[in-house]
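*Asks:* Structure file my_file_34.pdb (PDB, C-alpha atoms, pLDDT in the B column) is given on the next line.
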MODEL        1
ATOM      1  CA  ILE A  17       1.116  11.762   0.721  1.00 91.00           C
ATOM      2  CA  ASP A  18       3.053  14.728   2.091  1.00 90.00           C
ATOM      3  CA  GLY A  19       0.800  17.592   3.108  1.00 89.00           C
ATOM      4  CA  LEU A  20      -2.367  15.495   3.121  1.00 93.00           C
ATOM      5  CA  GLY A  21      -3.486  15.171   6.713  1.00 92.00           C
ATOM      6  CA  PRO A  22      -6.877  14.466   8.276  1.00 93.00           C
ATOM      7  CA  LYS A  23      -7.978  18.121   8.235  1.00 92.00           C
ATOM      8  CA  ILE A  24      -7.306  18.460   4.522  1.00 93.00           C
ATOM      9  CA  ILE A  25      -9.036  15.168   3.775  1.00 94.00           C
ATOM     10  CA  ASP A  26     -12.055  16.380   5.782  1.00 94.00           C
ATOM     11  CA  ALA A  27     -12.069  19.658   3.823  1.00 93.00           C
ATOM     12  CA  LEU A  28     -11.920  17.772   0.505  1.00 95.00           C
ATOM     13  CA  LEU A  29     -14.757  15.493   1.590  1.00 96.00           C
ATOM     14  CA  ASP A  30     -16.853  18.415   2.891  1.00 95.00           C
ATOM     15  CA  ALA A  31     -16.362  20.279  -0.390  1.00 95.00           C
ATOM     16  CA  GLY A  32     -17.462  17.191  -2.323  1.00 96.00           C
ATOM     17  CA  LEU A  33     -14.159  17.020  -4.191  1.00 96.00           C
ATOM     18  CA  ILE A  34     -13.480  13.411  -3.197  1.00 97.00           C
ATOM     19  CA  GLN A  35     -15.571  10.410  -2.232  1.00 96.00           C
ATOM     20  CA  ASP A  36     -12.699   7.990  -1.661  1.00 95.00           C
ATOM     21  CA  ALA A  37      -8.903   7.817  -1.848  1.00 94.00           C
ATOM     22  CA  ALA A  38      -8.900   7.145  -5.609  1.00 96.00           C
ATOM     23  CA  ASP A  39     -10.504  10.561  -6.201  1.00 97.00           C
ATOM     24  CA  LEU A  40      -7.383  12.256  -4.835  1.00 97.00           C
ATOM     25  CA  PHE A  41      -5.625  11.447  -8.100  1.00 97.00           C
ATOM     26  CA  ASP A  42      -8.242  13.404 -10.083  1.00 97.00           C
ATOM     27  CA  LEU A  43      -7.723  16.658  -8.159  1.00 96.00           C
ATOM     28  CA  ARG A  44      -6.257  19.713  -9.885  1.00 95.00           C
ATOM     29  CA  GLU A  45      -4.768  22.874  -8.414  1.00 94.00           C
ATOM     30  CA  GLY A  46      -7.882  24.826  -9.295  1.00 93.00           C
ATOM     31  CA  ASP A  47     -10.040  22.418  -7.290  1.00 94.00           C
ATOM     32  CA  VAL A  48      -7.985  22.831  -4.128  1.00 93.00           C
ATOM     33  CA  ALA A  49      -6.882  26.492  -4.192  1.00 92.00           C
ATOM     34  CA  PRO A  50     -10.308  27.973  -3.246  1.00 92.00           C
ATOM     35  CA  LEU A  51     -10.527  25.889  -0.078  1.00 90.00           C
ATOM     36  CA  GLU A  52      -9.898  27.489   3.305  1.00 85.00           C
ATOM     37  CA  ARG A  53      -6.203  27.470   4.306  1.00 80.00           C
ATOM     38  CA  PHE A  54      -5.149  26.979   0.699  1.00 86.00           C
ATOM     39  CA  GLY A  55      -3.552  29.309  -1.713  1.00 86.00           C
ATOM     40  CA  GLU A  56      -1.975  28.861  -5.086  1.00 88.00           C
ATOM     41  CA  LYS A  57       1.362  27.639  -3.661  1.00 92.00           C
ATOM     42  CA  SER A  58      -0.078  25.177  -1.134  1.00 91.00           C
ATOM     43  CA  ALA A  59      -2.513  23.826  -3.745  1.00 93.00           C
ATOM     44  CA  LYS A  60       0.381  23.338  -6.168  1.00 94.00           C
ATOM     45  CA  ASN A  61       2.451  21.552  -3.489  1.00 94.00           C
ATOM     46  CA  LEU A  62      -0.422  19.214  -2.591  1.00 95.00           C
ATOM     47  CA  ILE A  63      -1.114  18.278  -6.218  1.00 96.00           C
ATOM     48  CA  GLN A  64       2.606  17.699  -6.748  1.00 96.00           C
ATOM     49  CA  SER A  65       2.723  15.399  -3.696  1.00 96.00           C
ATOM     50  CA  ILE A  66      -0.277  13.454  -4.983  1.00 96.00           C
ATOM     51  CA  ASP A  67       1.289  13.139  -8.442  1.00 96.00           C
ATOM     52  CA  GLU A  68       4.487  11.751  -6.879  1.00 94.00           C
ATOM     53  CA  ARG A  69       2.428   8.870  -5.470  1.00 94.00           C
ATOM     54  CA  ARG A  70       1.016   7.757  -8.829  1.00 95.00           C
ATOM     55  CA  GLU A  71       3.782   5.158  -8.900  1.00 96.00           C
ATOM     56  CA  ILE A  72       3.849   2.931  -5.853  1.00 96.00           C
ATOM     57  CA  GLY A  73       5.428  -0.335  -4.824  1.00 95.00           C
ATOM     58  CA  LEU A  74       3.157  -3.339  -4.392  1.00 96.00           C
ATOM     59  CA  VAL A  75       3.931  -3.701  -0.673  1.00 95.00           C
ATOM     60  CA  ARG A  76       3.052  -0.082   0.087  1.00 94.00           C
ATOM     61  CA  PHE A  77      -0.051  -0.343  -2.118  1.00 96.00           C
ATOM     62  CA  LEU A  78      -1.269  -3.403  -0.204  1.00 97.00           C
ATOM     63  CA  LEU A  79      -0.700  -1.633   3.103  1.00 96.00           C
ATOM     64  CA  GLY A  80      -2.653   1.368   1.854  1.00 94.00           C
ATOM     65  CA  LEU A  81      -5.691  -0.749   1.033  1.00 96.00           C
ATOM     66  CA  GLY A  82      -6.268  -1.294   4.742  1.00 95.00           C
ATOM     67  CA  VAL A  83      -7.044  -5.006   4.487  1.00 97.00           C
ATOM     68  CA  LEU A  84      -7.777  -6.343   7.973  1.00 97.00           C
ATOM     69  CA  HIS A  85      -4.788  -8.225   9.475  1.00 96.00           C
ATOM     70  CA  VAL A  86      -2.393  -7.155   6.689  1.00 97.00           C
ATOM     71  CA  GLY A  87       0.603  -5.340   8.112  1.00 95.00           C
ATOM     72  CA  GLU A  88       4.030  -4.661   6.658  1.00 92.00           C
ATOM     73  CA  GLU A  89       5.357  -8.223   6.877  1.00 90.00           C
ATOM     74  CA  THR A  90       2.183  -9.829   5.517  1.00 95.00           C
ATOM     75  CA  ALA A  91       2.067  -7.318   2.661  1.00 95.00           C
ATOM     76  CA  LEU A  92       5.681  -8.197   1.886  1.00 91.00           C
ATOM     77  CA  ASP A  93       4.892 -11.925   2.003  1.00 91.00           C
ATOM     78  CA  LEU A  94       1.911 -11.468  -0.342  1.00 95.00           C
ATOM     79  CA  ALA A  95       3.882  -9.303  -2.768  1.00 94.00           C
ATOM     80  CA  GLU A  96       6.822 -11.691  -2.924  1.00 89.00           C
ATOM     81  CA  TYR A  97       4.689 -14.825  -3.210  1.00 92.00           C
ATOM     82  CA  PHE A  98       2.285 -13.569  -5.884  1.00 94.00           C
ATOM     83  CA  GLY A  99       4.305 -10.804  -7.543  1.00 93.00           C
ATOM     84  CA  SER A 100       1.368  -8.647  -8.669  1.00 95.00           C
ATOM     85  CA  ILE A 101      -1.918  -7.199  -7.467  1.00 97.00           C
ATOM     86  CA  GLU A 102      -3.742  -9.161 -10.173  1.00 96.00           C
ATOM     87  CA  ALA A 103      -2.361 -12.451  -8.878  1.00 96.00           C
ATOM     88  CA  ILE A 104      -3.339 -11.556  -5.310  1.00 97.00           C
ATOM     89  CA  ARG A 105      -6.797 -10.441  -6.391  1.00 97.00           C
ATOM     90  CA  ASN A 106      -7.391 -13.710  -8.256  1.00 97.00           C
ATOM     91  CA  ALA A 107      -5.841 -16.005  -5.634  1.00 97.00           C
ATOM     92  CA  SER A 108      -7.968 -18.734  -4.141  1.00 97.00           C
ATOM     93  CA  LEU A 109      -8.314 -19.086  -0.407  1.00 97.00           C
ATOM     94  CA  GLU A 110      -6.228 -22.245  -0.605  1.00 97.00           C
ATOM     95  CA  ALA A 111      -3.405 -20.428  -2.445  1.00 96.00           C
ATOM     96  CA  LEU A 112      -3.411 -17.673   0.174  1.00 97.00           C
ATOM     97  CA  GLU A 113      -3.205 -20.248   2.971  1.00 96.00           C
ATOM     98  CA  GLU A 114      -0.101 -21.792   1.346  1.00 93.00           C
ATOM     99  CA  ILE A 115       1.983 -18.653   1.938  1.00 92.00           C
ATOM    100  CA  PRO A 116       4.513 -19.109   4.737  1.00 84.00           C
ATOM    101  CA  ASN A 117       3.649 -16.945   7.780  1.00 85.00           C
ATOM    102  CA  VAL A 118       0.063 -16.376   6.587  1.00 92.00           C
ATOM    103  CA  GLY A 119      -2.505 -18.247   8.620  1.00 92.00           C
ATOM    104  CA  SER A 120      -6.089 -19.081   7.824  1.00 96.00           C
ATOM    105  CA  VAL A 121      -7.509 -15.945   9.508  1.00 97.00           C
ATOM    106  CA  VAL A 122      -5.304 -13.602   7.470  1.00 97.00           C
ATOM    107  CA  ALA A 123      -5.841 -15.611   4.281  1.00 97.00           C
ATOM    108  CA  ARG A 124      -9.621 -15.431   4.750  1.00 98.00           C
ATOM    109  CA  SER A 125      -9.448 -11.689   5.417  1.00 98.00           C
ATOM    110  CA  VAL A 126      -7.446 -11.055   2.218  1.00 98.00           C
ATOM    111  CA  HIS A 127      -9.669 -13.376   0.163  1.00 98.00           C
ATOM    112  CA  GLU A 128     -12.866 -11.731   1.424  1.00 98.00           C
ATOM    113  CA  TRP A 129     -11.512  -8.190   0.900  1.00 98.00           C
ATOM    114  CA  PHE A 130     -10.798  -8.865  -2.762  1.00 98.00           C
ATOM    115  CA  ARG A 131     -14.183 -10.606  -3.247  1.00 97.00           C
ATOM    116  CA  ASP A 132     -16.197  -7.730  -1.761  1.00 98.00           C
ATOM    117  CA  SER A 133     -17.972  -5.842  -4.574  1.00 97.00           C
ATOM    118  CA  ALA A 134     -17.434  -2.388  -3.015  1.00 97.00           C
ATOM    119  CA  ASN A 135     -13.719  -3.098  -2.597  1.00 97.00           C
ATOM    120  CA  ALA A 136     -13.508  -4.466  -6.142  1.00 96.00           C
ATOM    121  CA  GLY A 137     -15.026  -1.241  -7.494  1.00 96.00           C
ATOM    122  CA  PHE A 138     -12.668   0.895  -5.428  1.00 97.00           C
ATOM    123  CA  LEU A 139      -9.665  -1.185  -6.515  1.00 97.00           C
ATOM    124  CA  LYS A 140     -10.614  -0.888 -10.188  1.00 97.00           C
ATOM    125  CA  LYS A 141     -10.972   2.877  -9.820  1.00 97.00           C
ATOM    126  CA  LEU A 142      -7.652   3.168  -7.999  1.00 97.00           C
ATOM    127  CA  LEU A 143      -5.765   0.962 -10.466  1.00 97.00           C
ATOM    128  CA  ALA A 144      -6.896   3.247 -13.295  1.00 97.00           C
ATOM    129  CA  ARG A 145      -5.089   6.133 -11.560  1.00 97.00           C
ATOM    130  CA  VAL A 146      -1.861   4.611 -10.222  1.00 97.00           C
ATOM    131  CA  ARG A 147       0.919   2.377 -11.498  1.00 97.00           C
ATOM    132  CA  ILE A 148       2.097  -0.414  -9.229  1.00 96.00           C
ATOM    133  CA  GLU A 149       5.726  -1.469  -9.273  1.00 95.00           C
ATOM    134  CA  ASN A 150       5.880  -5.212  -8.727  1.00 89.00           C
ATOM    135  CA  PRO A 151       8.733  -6.444  -6.529  1.00 82.00           C
ATOM    136  CA  PRO A 152      11.645  -8.345  -8.022  1.00 73.00           C
ATOM    137  CA  ARG A 153      11.511 -12.056  -7.407  1.00 62.00           C
ATOM    138  CA  ARG A 154      13.618 -12.815  -4.353  1.00 61.00           C
ATOM    139  CA  THR A 155      15.628 -15.976  -4.037  1.00 60.00           C
ATOM    140  CA  LYS A 156      15.493 -18.057  -0.892  1.00 66.00           C
ATOM    141  CA  GLY A 157      18.580 -17.035   1.044  1.00 70.00           C
ATOM    142  CA  ARG A 158      20.165 -18.734   4.002  1.00 75.00           C
ATOM    143  CA  LEU A 159      17.843 -16.931   6.434  1.00 73.00           C
ATOM    144  CA  TYR A 160      14.638 -17.766   4.510  1.00 66.00           C
ATOM    145  CA  GLY A 161      11.937 -19.109   6.791  1.00 68.00           C
ATOM    146  CA  LYS A 162      13.605 -17.882   9.964  1.00 75.00           C
ATOM    147  CA  THR A 163      11.846 -15.525  12.365  1.00 77.00           C
ATOM    148  CA  PHE A 164      13.641 -12.484  13.759  1.00 80.00           C
ATOM    149  CA  VAL A 165      12.609 -10.141  16.530  1.00 82.00           C
ATOM    150  CA  LEU A 166      14.532  -6.876  16.661  1.00 81.00           C
ATOM    151  CA  THR A 167      14.453  -5.283  20.100  1.00 81.00           C
ATOM    152  CA  GLY A 168      16.340  -2.413  21.624  1.00 83.00           C
ATOM    153  CA  THR A 169      18.659  -0.204  19.634  1.00 83.00           C
ATOM    154  CA  LEU A 170      21.295  -1.241  17.159  1.00 83.00           C
ATOM    155  CA  PRO A 171      24.601   0.649  17.357  1.00 85.00           C
ATOM    156  CA  THR A 172      25.330   0.838  13.623  1.00 88.00           C
ATOM    157  CA  LEU A 173      21.985   0.288  11.851  1.00 85.00           C
ATOM    158  CA  SER A 174      18.500   1.668  11.914  1.00 85.00           C
ATOM    159  CA  ARG A 175      15.723  -0.846  12.450  1.00 83.00           C
ATOM    160  CA  ASN A 176      14.706  -0.595   8.769  1.00 81.00           C
ATOM    161  CA  GLU A 177      18.296  -1.148   7.604  1.00 83.00           C
ATOM    162  CA  ALA A 178      18.525  -4.232   9.806  1.00 81.00           C
ATOM    163  CA  LYS A 179      15.233  -5.589   8.434  1.00 78.00           C
ATOM    164  CA  GLU A 180      16.414  -5.080   4.857  1.00 77.00           C
ATOM    165  CA  ARG A 181      19.722  -6.835   5.530  1.00 78.00           C
ATOM    166  CA  ILE A 182      17.932  -9.787   7.107  1.00 75.00           C
ATOM    167  CA  ARG A 183      15.524 -10.010   4.172  1.00 71.00           C
ATOM    168  CA  ALA A 184      18.410  -9.879   1.702  1.00 70.00           C
ATOM    169  CA  SER A 185      20.281 -12.767   3.400  1.00 70.00           C
TER     170      SER A 185
ENDMDL
END
Could you write out this structure as structure tokens?

*Replies:*
Amino acid sequence: IDGLGPKIIDALLDAGLIQDAADLFDLREGDVAPLERFGEKSAKNLIQSIDERREIGLVRFLLGLGVLHVGEETALDLAEYFGSIEAIRNASLEALEEIPNVGSVVARSVHEWFRDSANAGFLKKLLARVRIENPPRRTKGRLYGKTFVLTGTLPTLSRNEAKERIRAS
């Protein structure tokens, strides 16, 4: 969220305005404006930035949960395999282990995160405040199942553009 760094999060926590990340979506300009280093304009900008994140893609949402061992590629694999947060949340350990590129350690970590009662409460609270955009189902292209390592610089593409082209093939 643009404009929401560690110092602002600390100030929101210290003021008792938030207890966790889901509480950010309940903030209003009037809550933030009285805080030190805030004025009407900066409070408005922060609330606008938070509101812009009420819709989020499933991959980014999974990354934001901070599940141990789940990075960008694993989040992408989970999103594409299951298609929704509900399907991931309800997945058995065996189903998680069936995902290509997801080993037993990662599968166990994901399974345990979604079975933890504190995480389940946080997830329920967060899902009441945001809308998740599920990814389109991707077909298995000619490069499906291949592993790529991008090193160095690419003369005509950024690293992200190269990753997207590989995923699309």

*Asks:* Name the residues that the PyMOL selection byres ((chain A and resi 105) around 10) pulls out of this structure, and write them as a PyMOL selection string.

*Replies:* chain A and resi 98+100-104+106-108+126-131+136+139

*Asks:* Determine the residue set returned by the PyMOL selection byres ((chain A and resi 185) around 7) for the present structure, and present it as a list of chain:residue names.

*Replies:* A:Gly157, A:Arg158, A:Leu159, A:Arg181, A:Ile182, A:Arg183, A:Ala184

*Asks:* Enter the distance from atom CA of Gly137 of chain A to atom CA of Val83 of chain A, in Å, rounded to one decimal.

*Replies:*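 These two atoms are separated by 14.9 Å.
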
*Asks:* To one decimal place in Å, what is the distance between atom CA of Leu20 of chain A and atom CA of Gly87 of chain A?

*Replies:*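 Taking atom CA of Leu20 of chain A as the start and atom CA of Gly87 of chain A as the end point, the length is 21.6 Å.
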
*Asks:* Apply the PyMOL selection byres ((chain A and resi 110) around 10) to the file shown and report the selected residues as a list in words.

*Replies:*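 Evaluating the PyMOL selection byres ((chain A and resi 110) around 10) on these coordinates yields Ala107, Ser108, Leu109, Ala111, Leu112, Glu113, Glu114, Ile115, Ser120, Ala123, Arg124 and His127 of chain A.
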
*Asks:* Quote the spacing between atom CA of Ile72 of chain A and atom CA of Val165 of chain A in Å to one decimal place.

*Replies:*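 Between atom CA of Ile72 of chain A and atom CA of Val165 of chain A the gap works out to 27.4 Å.
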
*Asks:* In terms of the shortest atom-to-atom distance over all atoms listed in the file, which of A:Glu180, A:Thr163, A:Gly32, A:Arg76 is closest to Asn117 of chain A?

*Replies:*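 Among A:Glu180, A:Thr163, A:Gly32, A:Arg76, it is A:Thr163 that comes nearest to Asn117 of chain A.
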
*Asks:* Give me, as an MDAnalysis selection string, all polymer residues having an atom no more than 10 Å from Ile66 of chain A, counting only C-alpha atoms and skipping those fewer than 3 positions away in the same chain.

*Replies:* chainID A and resid 17:20 40:44 60:63 69:70

*Asks:* Using all atoms of segment 84-98 of chain A that appear in the file, construct an axis-aligned enclosing box with 8 Å of padding on every side and provide its centre coordinates and edge lengths in Å, rounded to one decimal, as JSON.

*Replies:*
{"center_x": -0.5, "center_y": -9.7, "center_z": 1.8, "size_x": 30.6, "size_y": 26.2, "size_z": 31.4}

*Asks:* Counting only C-alpha atoms, figure out which residue out of A:Glu88, A:Ser65, A:Ile25, A:Lys179 gets nearest to Phe164 of chain A.

*Replies:*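 Looking at the shortest contact to Phe164 of chain A, the residue is A:Lys179.
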
*Asks:* Write out as a ChimeraX atom specification which residues come within 10 Å of Phe77 of chain A when counting all atoms listed in the file, dropping same-chain ones fewer than 4 positions away.

*Replies:* /A:71-73,81-82,91,95,101,146-149
